[in-house]
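First up is the structure itself, then whatever we jot down about it.
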Amino acid sequence: ADDENLVATVLGSVVTDPKAWLAPESISNEEAVELIAHVAADSALPVHGMARIAFCETSSRAYAFANGHPRQLAGPELELIRQICRERRVVPAEVCASGSRELLEWLLGCGVLDLTEATADTIRIGSMPPRP
């Protein structure tokens, strides 16, 4: 089982690693927490068109991979990652309601979500300070 998990982790990381000339825009954990707090309840954030995201299940574990970064999944996170891969969007309120806020913060930190698409409908107008 350990060999299976090692192969899954290495393969998933390599397959989702972006090309050297692409640098996904990621945000710090503090910025992710701030953004999540200000996203309108019914809004969705799209997965960036160049983001590489995948998941894998082994006999003993489940993993997500985002732009070359691996993460072992727990609880409802596997179903959330399946949905995100299928729909190419994230509804932050749904992710947080499922108890998977850390997964959302991880996706933001890996540069998976397209923050340039965030509009006044997504972020409450005037509620989030501008980024420096």
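Naming scheme: A, B, ... for chains in displayed order of the structure tokens; residues 1 onward per chain; ligands 1 onward as shown.
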
Can you list every residue in range 12-118 of chain A that DSSP puts in strand (DSSP E), as number ranges by chain?
A: 45-46, 53-57, 62-66, 69-72, 89-90

Take the residues just selected and output them with all heavy atoms as a tab-separated table (two decimals), in the first residue's frame.
chain	number	residue	atom	x	y	z
A	45	LEU	N	-16.62	30.59	-7.76
A	45	LEU	CA	-15.35	31.01	-8.33
A	45	LEU	C	-14.94	29.97	-9.36
A	45	LEU	O	-14.91	28.77	-9.04
A	45	LEU	CB	-14.28	31.13	-7.25
A	45	LEU	CG	-14.49	32.19	-6.18
A	45	LEU	CD1	-13.44	32.05	-5.08
A	45	LEU	CD2	-14.42	33.58	-6.80
A	46	PRO	N	-14.61	30.38	-10.58
A	46	PRO	CA	-14.22	29.40	-11.60
A	46	PRO	C	-12.81	28.88	-11.38
A	46	PRO	O	-11.95	29.58	-10.83
A	46	PRO	CB	-14.31	30.20	-12.90
A	46	PRO	CG	-14.09	31.61	-12.49
A	46	PRO	CD	-14.65	31.74	-11.09
A	53	ILE	N	-5.82	20.24	-12.24
A	53	ILE	CA	-6.36	19.69	-11.01
A	53	ILE	C	-6.82	18.26	-11.28
A	53	ILE	O	-7.39	17.98	-12.34
A	53	ILE	CB	-7.49	20.57	-10.43
A	53	ILE	CG1	-8.00	20.03	-9.11
A	53	ILE	CG2	-8.59	20.79	-11.43
A	53	ILE	CD1	-8.91	20.97	-8.35
A	54	ALA	N	-6.54	17.36	-10.34
A	54	ALA	CA	-6.90	15.96	-10.50
A	54	ALA	C	-7.05	15.33	-9.12
A	54	ALA	O	-6.69	15.92	-8.11
A	54	ALA	CB	-5.83	15.22	-11.30
A	55	PHE	N	-7.58	14.11	-9.12
A	55	PHE	CA	-7.67	13.36	-7.88
A	55	PHE	C	-7.35	11.90	-8.17
A	55	PHE	O	-7.39	11.45	-9.31
A	55	PHE	CB	-9.04	13.51	-7.21
A	55	PHE	CG	-10.17	12.96	-8.03
A	55	PHE	CD1	-10.58	11.64	-7.88
A	55	PHE	CD2	-10.84	13.75	-8.94
A	55	PHE	CE1	-11.62	11.14	-8.63
A	55	PHE	CE2	-11.87	13.27	-9.69
A	55	PHE	CZ	-12.28	11.94	-9.54
A	56	CYS	N	-7.04	11.16	-7.10
A	56	CYS	CA	-6.70	9.76	-7.23
A	56	CYS	C	-7.11	9.04	-5.95
A	56	CYS	O	-6.94	9.58	-4.86
A	56	CYS	CB	-5.20	9.62	-7.46
A	56	CYS	SG	-4.61	7.92	-7.48
A	57	GLU	N	-7.63	7.85	-6.11
A	57	GLU	CA	-7.94	7.00	-4.96
A	57	GLU	C	-7.06	5.76	-5.03
A	57	GLU	O	-6.96	5.12	-6.08
A	57	GLU	CB	-9.39	6.54	-4.99
A	57	GLU	CG	-10.40	7.63	-4.77
A	57	GLU	CD	-11.81	7.07	-4.86
A	57	GLU	OE1	-12.30	6.53	-3.84
A	57	GLU	OE2	-12.39	7.16	-5.95
A	62	ALA	N	-6.98	8.77	-0.43
A	62	ALA	CA	-7.42	9.58	-1.57
A	62	ALA	C	-6.57	10.85	-1.57
A	62	ALA	O	-6.24	11.39	-0.51
A	62	ALA	CB	-8.90	9.92	-1.45
A	63	TYR	N	-6.24	11.30	-2.77
A	63	TYR	CA	-5.39	12.47	-2.94
A	63	TYR	C	-6.01	13.43	-3.94
A	63	TYR	O	-6.70	13.02	-4.86
A	63	TYR	CB	-4.01	12.07	-3.48
A	63	TYR	CG	-3.23	11.15	-2.59
A	63	TYR	CD1	-3.27	9.78	-2.77
A	63	TYR	CD2	-2.43	11.66	-1.57
A	63	TYR	CE1	-2.55	8.92	-1.96
A	63	TYR	CE2	-1.71	10.80	-0.74
A	63	TYR	CZ	-1.77	9.44	-0.94
A	63	TYR	OH	-1.05	8.60	-0.13
A	64	ALA	N	-5.67	14.71	-3.76
A	64	ALA	CA	-5.97	15.73	-4.76
A	64	ALA	C	-4.63	16.31	-5.18
A	64	ALA	O	-3.66	16.33	-4.41
A	64	ALA	CB	-6.84	16.83	-4.17
A	65	PHE	N	-4.58	16.77	-6.43
A	65	PHE	CA	-3.38	17.39	-6.97
A	65	PHE	C	-3.80	18.68	-7.66
A	65	PHE	O	-4.76	18.69	-8.43
A	65	PHE	CB	-2.70	16.45	-7.98
A	65	PHE	CG	-2.41	15.11	-7.39
A	65	PHE	CD1	-3.31	14.08	-7.56
A	65	PHE	CD2	-1.27	14.89	-6.66
A	65	PHE	CE1	-3.07	12.84	-6.99
A	65	PHE	CE2	-1.02	13.65	-6.09
A	65	PHE	CZ	-1.92	12.62	-6.26
A	66	ALA	N	-3.10	19.75	-7.35
A	66	ALA	CA	-3.43	21.05	-7.92
A	66	ALA	C	-2.14	21.76	-8.30
A	66	ALA	O	-1.33	22.06	-7.43
A	66	ALA	CB	-4.22	21.89	-6.92
A	69	HIS	N	0.87	20.34	-6.71
A	69	HIS	CA	0.87	20.20	-5.25
A	69	HIS	C	-0.06	19.07	-4.83
A	69	HIS	O	-1.25	19.09	-5.15
A	69	HIS	CB	0.40	21.50	-4.59
A	69	HIS	CG	1.24	22.68	-4.92
A	69	HIS	ND1	2.43	22.95	-4.31
A	69	HIS	CD2	1.07	23.66	-5.85
A	69	HIS	CE1	2.96	24.04	-4.81
A	69	HIS	NE2	2.15	24.49	-5.76
A	70	PRO	N	0.46	18.09	-4.06
A	70	PRO	CA	-0.41	17.00	-3.59
A	70	PRO	C	-1.05	17.33	-2.25
A	70	PRO	O	-0.52	18.11	-1.47
A	70	PRO	CB	0.58	15.84	-3.43
A	70	PRO	CG	1.86	16.51	-3.05
A	70	PRO	CD	1.86	17.84	-3.78
A	71	ARG	N	-2.20	16.72	-2.01
A	71	ARG	CA	-2.89	16.86	-0.72
A	71	ARG	C	-3.65	15.57	-0.45
A	71	ARG	O	-4.40	15.09	-1.30
A	71	ARG	CB	-3.87	18.02	-0.75
A	71	ARG	CG	-4.70	18.16	0.53
A	71	ARG	CD	-5.75	19.26	0.39
A	71	ARG	NE	-6.68	19.27	1.49
A	71	ARG	CZ	-6.52	19.96	2.61
A	71	ARG	NH1	-5.47	20.72	2.76
A	71	ARG	NH2	-7.43	19.91	3.57
A	72	GLN	N	-3.44	15.01	0.73
A	72	GLN	CA	-4.23	13.85	1.13
A	72	GLN	C	-5.61	14.34	1.54
A	72	GLN	O	-5.74	15.34	2.26
A	72	GLN	CB	-3.57	13.10	2.28
A	72	GLN	CG	-4.25	11.79	2.58
A	72	GLN	CD	-3.48	10.96	3.60
A	72	GLN	OE1	-2.28	11.11	3.75
A	72	GLN	NE2	-4.18	10.09	4.29
A	89	ARG	N	-15.62	24.72	-11.23
A	89	ARG	CA	-15.97	25.89	-10.42
A	89	ARG	C	-16.11	25.45	-8.98
A	89	ARG	O	-16.30	24.27	-8.69
A	89	ARG	CB	-17.26	26.54	-10.91
A	89	ARG	CG	-18.49	25.71	-10.70
A	89	ARG	CD	-19.74	26.35	-11.30
A	89	ARG	NE	-20.91	25.65	-10.81
A	89	ARG	CZ	-21.64	26.01	-9.75
A	89	ARG	NH1	-21.32	27.10	-9.07
A	89	ARG	NH2	-22.68	25.32	-9.37
A	90	VAL	N	-16.01	26.43	-8.08
A	90	VAL	CA	-16.11	26.19	-6.64
A	90	VAL	C	-17.11	27.16	-6.05
A	90	VAL	O	-17.05	28.36	-6.33
A	90	VAL	CB	-14.74	26.39	-5.95
A	90	VAL	CG1	-14.86	26.24	-4.45
A	90	VAL	CG2	-13.70	25.44	-6.51

Quick one: contact table of range 25-91 of chain A to range 101-111 of chain A, 8 Å max, nearest atom pair and distance in Å to one decimal per residue, counting only C-alpha atoms, chain and number order, as a Markdown table?
| residue | atom | partner | partner_atom | distance |
| --- | --- | --- | --- | --- |
| A:Glu25 | CA | A:Gly111 | CA | 5.0 |
| A:Ser26 | CA | A:Gly111 | CA | 4.0 |
| A:Ile27 | CA | A:Gly109 | CA | 5.1 |
| A:Ser28 | CA | A:Gly109 | CA | 6.0 |
| A:Asn29 | CA | A:Gly109 | CA | 6.4 |
| A:Ala32 | CA | A:Glu105 | CA | 5.6 |
| A:Val33 | CA | A:Glu105 | CA | 6.9 |
| A:His48 | CA | A:Gly111 | CA | 8.0 |
| A:Ala51 | CA | A:Gly111 | CA | 7.3 |
| A:Ala66 | CA | A:Cys110 | CA | 6.3 |
| A:Asn67 | CA | A:Cys110 | CA | 6.4 |
| A:His69 | CA | A:Cys110 | CA | 7.1 |
| A:Glu77 | CA | A:Leu103 | CA | 7.2 |

Based on the selection just made, write all heavy atoms of those residues as an mmCIF file, in the first residue's frame.
data_model
loop_
_atom_site.group_PDB
_atom_site.id
_atom_site.type_symbol
_atom_site.label_atom_id
_atom_site.label_comp_id
_atom_site.auth_asym_id
_atom_site.auth_seq_id
_atom_site.Cartn_x
_atom_site.Cartn_y
_atom_site.Cartn_z
ATOM 1 N N GLU A 25 -1.338 32.342 -10.441
ATOM 2 C CA GLU A 25 -1.424 33.368 -9.404
ATOM 3 C C GLU A 25 -2.014 32.737 -8.152
ATOM 4 O O GLU A 25 -3.154 32.279 -8.143
ATOM 5 C CB GLU A 25 -2.306 34.525 -9.847
ATOM 6 C CG GLU A 25 -2.357 35.630 -8.816
ATOM 7 C CD GLU A 25 -3.215 36.806 -9.234
ATOM 8 O OE1 GLU A 25 -3.590 36.891 -10.404
ATOM 9 O OE2 GLU A 25 -3.506 37.632 -8.358
ATOM 10 N N SER A 26 -1.197 32.677 -7.130
ATOM 11 C CA SER A 26 -1.669 32.128 -5.865
ATOM 12 C C SER A 26 -1.703 33.260 -4.843
ATOM 13 O O SER A 26 -1.144 34.329 -5.062
ATOM 14 C CB SER A 26 -0.762 30.998 -5.391
ATOM 15 O OG SER A 26 0.557 31.474 -5.231
ATOM 16 N N ILE A 27 -2.389 33.002 -3.767
ATOM 17 C CA ILE A 27 -2.471 33.998 -2.702
ATOM 18 C C ILE A 27 -2.030 33.355 -1.404
ATOM 19 O O ILE A 27 -2.029 32.130 -1.271
ATOM 20 C CB ILE A 27 -3.891 34.602 -2.584
ATOM 21 C CG1 ILE A 27 -4.939 33.532 -2.255
ATOM 22 C CG2 ILE A 27 -4.270 35.337 -3.860
ATOM 23 C CD1 ILE A 27 -6.338 34.090 -2.041
ATOM 24 N N SER A 28 -1.651 34.177 -0.461
ATOM 25 C CA SER A 28 -1.209 33.663 0.836
ATOM 26 C C SER A 28 -2.394 33.096 1.604
ATOM 27 O O SER A 28 -3.563 33.357 1.278
ATOM 28 C CB SER A 28 -0.558 34.783 1.649
ATOM 29 O OG SER A 28 -1.560 35.706 2.068
ATOM 30 N N ASN A 29 -2.100 32.331 2.628
ATOM 31 C CA ASN A 29 -3.157 31.759 3.459
ATOM 32 C C ASN A 29 -3.995 32.860 4.103
ATOM 33 O O ASN A 29 -5.216 32.750 4.181
ATOM 34 C CB ASN A 29 -2.558 30.826 4.520
ATOM 35 C CG ASN A 29 -3.611 29.959 5.163
ATOM 36 O OD1 ASN A 29 -4.478 29.423 4.475
ATOM 37 N ND2 ASN A 29 -3.537 29.819 6.469
ATOM 38 N N ALA A 32 -6.297 34.197 1.538
ATOM 39 C CA ALA A 32 -7.359 33.214 1.273
ATOM 40 C C ALA A 32 -8.446 33.298 2.329
ATOM 41 O O ALA A 32 -9.639 33.305 2.014
ATOM 42 C CB ALA A 32 -6.777 31.801 1.215
ATOM 43 N N VAL A 33 -8.053 33.393 3.584
ATOM 44 C CA VAL A 33 -9.022 33.510 4.681
ATOM 45 C C VAL A 33 -9.862 34.770 4.501
ATOM 46 O O VAL A 33 -11.086 34.746 4.652
ATOM 47 C CB VAL A 33 -8.294 33.499 6.050
ATOM 48 C CG1 VAL A 33 -9.226 33.880 7.180
ATOM 49 C CG2 VAL A 33 -7.674 32.131 6.300
ATOM 50 N N HIS A 48 -9.341 28.263 -12.812
ATOM 51 C CA HIS A 48 -8.603 28.957 -13.865
ATOM 52 C C HIS A 48 -8.427 28.032 -15.060
ATOM 53 O O HIS A 48 -8.196 26.826 -14.909
ATOM 54 C CB HIS A 48 -7.236 29.407 -13.339
ATOM 55 C CG HIS A 48 -6.551 30.373 -14.236
ATOM 56 N ND1 HIS A 48 -5.904 29.987 -15.384
ATOM 57 C CD2 HIS A 48 -6.427 31.719 -14.168
ATOM 58 C CE1 HIS A 48 -5.397 31.042 -15.982
ATOM 59 N NE2 HIS A 48 -5.701 32.117 -15.259
ATOM 60 N N ALA A 51 -5.337 25.985 -14.969
ATOM 61 C CA ALA A 51 -5.075 25.200 -13.755
ATOM 62 C C ALA A 51 -5.175 23.717 -14.064
ATOM 63 O O ALA A 51 -6.024 23.277 -14.825
ATOM 64 C CB ALA A 51 -6.068 25.578 -12.662
ATOM 65 N N ALA A 66 -3.100 19.752 -7.347
ATOM 66 C CA ALA A 66 -3.431 21.054 -7.917
ATOM 67 C C ALA A 66 -2.143 21.764 -8.304
ATOM 68 O O ALA A 66 -1.327 22.063 -7.428
ATOM 69 C CB ALA A 66 -4.219 21.889 -6.917
ATOM 70 N N ASN A 67 -1.961 21.949 -9.605
ATOM 71 C CA ASN A 67 -0.774 22.636 -10.108
ATOM 72 C C ASN A 67 0.517 22.071 -9.505
ATOM 73 O O ASN A 67 1.411 22.809 -9.104
ATOM 74 C CB ASN A 67 -0.874 24.145 -9.869
ATOM 75 C CG ASN A 67 -1.946 24.778 -10.722
ATOM 76 O OD1 ASN A 67 -2.273 24.286 -11.793
ATOM 77 N ND2 ASN A 67 -2.501 25.875 -10.249
ATOM 78 N N HIS A 69 0.874 20.343 -6.711
ATOM 79 C CA HIS A 69 0.866 20.204 -5.250
ATOM 80 C C HIS A 69 -0.063 19.070 -4.828
ATOM 81 O O HIS A 69 -1.247 19.091 -5.154
ATOM 82 C CB HIS A 69 0.399 21.503 -4.586
ATOM 83 C CG HIS A 69 1.239 22.677 -4.922
ATOM 84 N ND1 HIS A 69 2.431 22.945 -4.305
ATOM 85 C CD2 HIS A 69 1.073 23.658 -5.850
ATOM 86 C CE1 HIS A 69 2.960 24.041 -4.813
ATOM 87 N NE2 HIS A 69 2.145 24.492 -5.762
ATOM 88 N N GLU A 77 -13.958 15.623 1.415
ATOM 89 C CA GLU A 77 -13.134 16.334 0.440
ATOM 90 C C GLU A 77 -13.036 15.615 -0.905
ATOM 91 O O GLU A 77 -12.974 16.268 -1.943
ATOM 92 C CB GLU A 77 -11.735 16.575 1.005
ATOM 93 C CG GLU A 77 -11.717 17.558 2.150
ATOM 94 C CD GLU A 77 -10.332 17.808 2.699
ATOM 95 O OE1 GLU A 77 -9.420 16.984 2.461
ATOM 96 O OE2 GLU A 77 -10.158 18.835 3.372
#

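Interatomic distance, CA of Leu73 in chain A to CA of Glu4 in chain A: 15.7 Å.
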
Could you please write out, as JSON, numbers by chain, every residue of chain A that DSSP assigns to alpha helix (DSSP H)?
{"A": [2, 3, 4, 5, 6, 7, 8, 9, 10, 11, 12, 13, 14, 15, 16, 29, 30, 31, 32, 33, 34, 35, 36, 37, 38, 77, 78, 79, 80, 81, 82, 83, 84, 85, 86, 87, 92, 93, 94, 95, 96, 97, 101, 102, 103, 104, 105, 106, 107, 108, 109]}

Which is closer to Ser100 in chain A than all the others in A:Arg52, A:Pro76, A:Leu35, A:Cys85, using only C-alpha atoms?
A:Pro76

Ranking A:Ser98, A:Thr116, A:Ser43, A:Asn5 by minimum distance to Thr58 in chain A and counting only C-alpha atoms, which one comes first?
A:Asn5
